Amino acid sequence: MGSLNLCCHRALPNARLLPCSSALNNIITIKPHLLSSSSSSSIFHHHRHFCNSPTAVASTAKQLTSPELVALEYADLNLNYDNVSQEVGHVRIRQHVNPFAPSFSIPAPVPNWCQVFKDSTLPLMVDIGSGSGRFLMWLAKRNPDSQNYLGLEIRQKLAKRAEFWVKELSLHNIHFMFANATISFKELVSAYPGPLMLVSLLCPDPHFKKRHHKRRVVQKPLVDSIVKNLMPGGQVFIQSDVLEVAVDMRDRFDAESDLLQHIDTIDPSMQCDEEGWLVKNPMGIRTEREIHAEFEGAKIYRRLYQKLI
């Protein structure tokens, strides 16, 4: 899925992005509560299919790892791992990136949106810190004609690999850019022809050290830019598996109460716990970091805001 940079979909230090087939070779004992509803039925279908196999029987005591759970949840993307290393090279995921480094201080050039998207007037979702991009690709694949998706990522090779996969999938409503959101977000979305409908900031780099808190992605200038450019009725979705970071983000967006309302005050069906965190992920699929964190037993802290009409 760091900080003021766009390292949102954080990966665990030893996590690997597995080809979808790798996970399916180990269908076994699975903890159903670790899977989204969209993936569980498919997974247990495969389990039934292999139940008479001697190999499957021998491996029933084995439990899926979190990278394998990620691969299963995103299996229908069927991403090509054979050619990506030739096109992009080895992708080393850095856990922490300093957004104030000189190499990240140059604004990303604004593309010709009419060339980037098939229909550049569609409502836009921006994922700040798109990581591997699979979360956004999953959404784009399901909404090819109704919405455009833009992933901003500070780790250049991740953005490049995601763009490779977009071309492989022949998707025309999604684009990934190497960009520092705090430097480039305002200019990029201001130039987009259509409305900004949704901004997501999901599991950003926590930068635990106090002297590094200024590196966190959610700072007032970015919040101001998001709120200003968001269409009436548009939404902001934030989440983290680190309570301190979640509270920090919540406080900054709560401070915009004259323009933003939390979704449960608008739609009572969106249930929150006693501390005001959304009980369920409203996006239809979990991010990779979310899967890893829940696998480790962590709680995910979520808030969804909507701009007043």
# chains A, B, ... in the order shown; residues from 1 in each chain; ligands from 1
>>> select_by_dssp(residues="range 124-193 of chain A", states="helix (DSSP H, G or I)", output="ChimeraX atom specification")
/A:134-142,156-169,181-191
>>> write_last_selection(atoms="N, CA and C atoms", output="CSV table (one decimal), in the first residue's frame")
chain,number,residue,atom,x,y,z
A,134,ARG,N,-3.1,-3.3,-7.4
A,134,ARG,CA,-4.1,-4.3,-7.6
A,134,ARG,C,-5.5,-3.9,-7.1
A,135,PHE,N,-5.5,-3.2,-6.0
A,135,PHE,CA,-6.7,-2.8,-5.4
A,135,PHE,C,-7.5,-1.9,-6.4
A,136,LEU,N,-6.8,-1.0,-7.0
A,136,LEU,CA,-7.4,0.0,-8.0
A,136,LEU,C,-7.8,-0.7,-9.3
A,137,MET,N,-7.0,-1.7,-9.7
A,137,MET,CA,-7.3,-2.4,-10.9
A,137,MET,C,-8.5,-3.3,-10.8
A,138,TRP,N,-8.7,-3.8,-9.6
A,138,TRP,CA,-9.9,-4.6,-9.3
A,138,TRP,C,-11.1,-3.8,-9.4
A,139,LEU,N,-11.1,-2.6,-8.9
A,139,LEU,CA,-12.2,-1.7,-9.0
A,139,LEU,C,-12.5,-1.2,-10.5
A,140,ALA,N,-11.4,-0.9,-11.2
A,140,ALA,CA,-11.5,-0.4,-12.5
A,140,ALA,C,-12.1,-1.5,-13.4
A,141,LYS,N,-11.7,-2.7,-13.2
A,141,LYS,CA,-12.2,-3.8,-14.0
A,141,LYS,C,-13.7,-4.0,-13.9
A,142,ARG,N,-14.2,-3.7,-12.7
A,142,ARG,CA,-15.6,-3.8,-12.4
A,142,ARG,C,-16.5,-2.6,-12.8
A,156,GLN,N,8.7,4.6,-7.9
A,156,GLN,CA,8.6,4.6,-9.4
A,156,GLN,C,8.4,3.2,-10.0
A,157,LYS,N,9.1,2.2,-9.5
A,157,LYS,CA,9.0,0.9,-10.2
A,157,LYS,C,7.6,0.3,-9.9
A,158,LEU,N,7.0,0.6,-8.8
A,158,LEU,CA,5.7,0.1,-8.5
A,158,LEU,C,4.7,0.7,-9.5
A,159,ALA,N,4.8,2.0,-9.7
A,159,ALA,CA,3.9,2.7,-10.7
A,159,ALA,C,4.1,2.2,-12.1
A,160,LYS,N,5.3,1.9,-12.4
A,160,LYS,CA,5.7,1.4,-13.8
A,160,LYS,C,5.1,0.0,-14.0
A,161,ARG,N,5.3,-0.8,-12.9
A,161,ARG,CA,4.8,-2.2,-13.1
A,161,ARG,C,3.2,-2.2,-13.1
A,162,ALA,N,2.6,-1.3,-12.4
A,162,ALA,CA,1.1,-1.2,-12.4
A,162,ALA,C,0.7,-0.8,-13.8
A,163,GLU,N,1.4,0.1,-14.4
A,163,GLU,CA,1.0,0.5,-15.8
A,163,GLU,C,1.2,-0.6,-16.8
A,164,PHE,N,2.2,-1.4,-16.6
A,164,PHE,CA,2.4,-2.6,-17.4
A,164,PHE,C,1.2,-3.5,-17.3
A,165,TRP,N,0.7,-3.7,-16.1
A,165,TRP,CA,-0.4,-4.6,-15.9
A,165,TRP,C,-1.7,-4.0,-16.5
A,166,VAL,N,-1.9,-2.7,-16.4
A,166,VAL,CA,-3.0,-2.0,-17.0
A,166,VAL,C,-3.1,-2.3,-18.5
A,167,LYS,N,-1.9,-2.2,-19.2
A,167,LYS,CA,-1.9,-2.5,-20.6
A,167,LYS,C,-2.2,-3.9,-20.9
A,168,GLU,N,-1.7,-4.8,-20.1
A,168,GLU,CA,-1.9,-6.3,-20.2
A,168,GLU,C,-3.4,-6.6,-20.1
A,169,LEU,N,-4.1,-5.9,-19.2
A,169,LEU,CA,-5.5,-6.1,-19.0
A,169,LEU,C,-6.4,-5.3,-19.9
A,181,ALA,N,2.3,12.9,-3.9
A,181,ALA,CA,0.9,13.5,-3.8
A,181,ALA,C,1.0,14.9,-3.2
A,182,THR,N,1.8,15.1,-2.2
A,182,THR,CA,1.8,16.4,-1.5
A,182,THR,C,2.3,17.5,-2.5
A,183,ILE,N,3.0,17.1,-3.5
A,183,ILE,CA,3.6,18.1,-4.5
A,183,ILE,C,2.6,18.2,-5.7
A,184,SER,N,2.1,17.1,-6.1
A,184,SER,CA,1.4,17.0,-7.4
A,184,SER,C,-0.1,16.9,-7.4
A,185,PHE,N,-0.7,16.5,-6.3
A,185,PHE,CA,-2.1,16.2,-6.2
A,185,PHE,C,-3.0,17.4,-6.8
A,186,LYS,N,-2.8,18.5,-6.2
A,186,LYS,CA,-3.6,19.7,-6.6
A,186,LYS,C,-3.6,20.0,-8.1
A,187,GLU,N,-2.4,20.0,-8.7
A,187,GLU,CA,-2.3,20.3,-10.1
A,187,GLU,C,-2.9,19.2,-11.0
A,188,LEU,N,-2.7,18.0,-10.6
A,188,LEU,CA,-3.2,16.9,-11.4
A,188,LEU,C,-4.8,16.9,-11.4
A,189,VAL,N,-5.4,17.0,-10.2
A,189,VAL,CA,-6.8,16.9,-10.2
A,189,VAL,C,-7.5,18.2,-10.7
A,190,SER,N,-6.8,19.3,-10.6
A,190,SER,CA,-7.4,20.5,-11.1
A,190,SER,C,-7.5,20.5,-12.6
A,191,ALA,N,-6.6,19.8,-13.2
A,191,ALA,CA,-6.6,19.7,-14.7
A,191,ALA,C,-7.5,18.7,-15.3
>>> residues_around(residues="Glu244 in chain A", least_positions_apart="4", cutoff="9 Å", atoms="only C-alpha atoms", output="list of chain:residue names")
A:Pro206, A:Phe208, A:Ser240, A:Asp248, A:Met249
>>> write_last_selection(atoms="N, CA, C and O atoms", output="compact mmCIF listing (two decimals), in the first residue's frame")
# COMPACT_ATOMS: atom_id res chain seq x y z
N PRO A 206 3.30 4.80 8.63
CA PRO A 206 3.02 5.44 9.92
C PRO A 206 4.08 6.41 10.39
O PRO A 206 3.79 7.31 11.19
N PHE A 208 6.59 6.31 12.67
CA PHE A 208 6.37 6.32 14.11
C PHE A 208 7.18 7.37 14.87
O PHE A 208 6.70 7.97 15.82
N SER A 240 -6.37 2.74 8.32
CA SER A 240 -5.04 2.34 8.77
C SER A 240 -5.17 1.21 9.77
O SER A 240 -6.19 1.08 10.46
N ASP A 248 -4.83 10.44 13.74
CA ASP A 248 -4.25 11.64 13.15
C ASP A 248 -5.00 12.04 11.88
O ASP A 248 -5.37 13.20 11.68
N MET A 249 -5.27 11.05 11.01
CA MET A 249 -6.03 11.33 9.79
C MET A 249 -7.45 11.76 10.11
O MET A 249 -7.98 12.71 9.53
>>> atom_distance(atom1="CA of Tyr74 in chain A", atom2="CA of Gly131 in chain A")
14.3 Å
>>> closest_residue(among="A:Tyr149, A:Tyr192, A:Phe176, A:Phe237", to="Asn112 in chain A", atoms="only C-alpha atoms")
A:Tyr192
>>> select_by_dssp(residues="range 69-158 of chain A", states="strand (DSSP E)", output="list of chain:residue names")
A:Leu124, A:Met125, A:Val126, A:Asp127, A:Ile128, A:Asn148, A:Tyr149, A:Leu150, A:Gly151, A:Leu152, A:Glu153
>>> write_last_selection(atoms="N, CA and C atoms", output="short mmCIF file (atom, residue, chain, number, x, y, z; two decimals), in the first residue's frame")
data_model
loop_
_atom_site.label_atom_id
_atom_site.label_comp_id
_atom_site.auth_asym_id
_atom_site.auth_seq_id
_atom_site.Cartn_x
_atom_site.Cartn_y
_atom_site.Cartn_z
N LEU A 124 -13.88 10.69 -11.24
CA LEU A 124 -12.54 10.17 -10.98
C LEU A 124 -12.36 9.75 -9.52
N MET A 125 -11.74 8.59 -9.32
CA MET A 125 -11.27 8.18 -8.00
C MET A 125 -9.75 8.26 -8.00
N VAL A 126 -9.17 8.88 -6.98
CA VAL A 126 -7.72 8.96 -6.83
C VAL A 126 -7.31 8.18 -5.59
N ASP A 127 -6.42 7.22 -5.78
CA ASP A 127 -5.87 6.45 -4.67
C ASP A 127 -4.47 6.96 -4.39
N ILE A 128 -4.30 7.64 -3.28
CA ILE A 128 -3.00 8.22 -2.92
C ILE A 128 -2.17 7.17 -2.19
N ASN A 148 -13.41 6.58 -13.75
CA ASN A 148 -11.98 6.50 -14.01
C ASN A 148 -11.22 6.41 -12.69
N TYR A 149 -10.02 5.84 -12.75
CA TYR A 149 -9.21 5.60 -11.56
C TYR A 149 -7.78 6.07 -11.80
N LEU A 150 -7.25 6.80 -10.82
CA LEU A 150 -5.88 7.30 -10.89
C LEU A 150 -5.13 6.88 -9.64
N GLY A 151 -4.03 6.16 -9.82
CA GLY A 151 -3.19 5.76 -8.71
C GLY A 151 -1.92 6.59 -8.68
N LEU A 152 -1.64 7.20 -7.54
CA LEU A 152 -0.43 7.99 -7.36
C LEU A 152 0.51 7.23 -6.43
N GLU A 153 1.73 7.01 -6.88
CA GLU A 153 2.67 6.20 -6.11
C GLU A 153 4.07 6.80 -6.18
#
>>> atom_distance(atom1="CA of Gly284 in chain A", atom2="CA of Asn143 in chain A")
12.2 Å
>>> decode(residues="range 160-181 of chain A", atoms="C-alpha atoms", output="PDB file, in the first residue's frame")
ATOM      1  CA  LYS A 160       5.666   1.419 -13.778  1.00  0.00           C
ATOM      2  CA  ARG A 161       4.756  -2.197 -13.052  1.00  0.00           C
ATOM      3  CA  ALA A 162       1.126  -1.244 -12.411  1.00  0.00           C
ATOM      4  CA  GLU A 163       0.990   0.550 -15.772  1.00  0.00           C
ATOM      5  CA  PHE A 164       2.401  -2.576 -17.427  1.00  0.00           C
ATOM      6  CA  TRP A 165      -0.427  -4.624 -15.928  1.00  0.00           C
ATOM      7  CA  VAL A 166      -3.031  -2.043 -17.006  1.00  0.00           C
ATOM      8  CA  LYS A 167      -1.897  -2.480 -20.613  1.00  0.00           C
ATOM      9  CA  GLU A 168      -1.912  -6.257 -20.234  1.00  0.00           C
ATOM     10  CA  LEU A 169      -5.516  -6.098 -18.970  1.00  0.00           C
ATOM     11  CA  SER A 170      -6.527  -3.645 -21.741  1.00  0.00           C
ATOM     12  CA  LEU A 171      -8.152  -1.329 -19.225  1.00  0.00           C
ATOM     13  CA  HIS A 172      -8.919   2.178 -20.491  1.00  0.00           C
ATOM     14  CA  ASN A 173     -10.299   3.709 -17.313  1.00  0.00           C
ATOM     15  CA  ILE A 174      -7.239   3.514 -15.064  1.00  0.00           C
ATOM     16  CA  HIS A 175      -3.811   5.131 -14.959  1.00  0.00           C
ATOM     17  CA  PHE A 176      -0.856   5.007 -12.571  1.00  0.00           C
ATOM     18  CA  MET A 177       1.651   7.788 -12.076  1.00  0.00           C
ATOM     19  CA  PHE A 178       4.956   8.148 -10.287  1.00  0.00           C
ATOM     20  CA  ALA A 179       4.232  11.185  -8.146  1.00  0.00           C
ATOM     21  CA  ASN A 180       4.562  12.712  -4.704  1.00  0.00           C
ATOM     22  CA  ALA A 181       0.950  13.497  -3.802  1.00  0.00           C
TER      23      ALA A 181
END
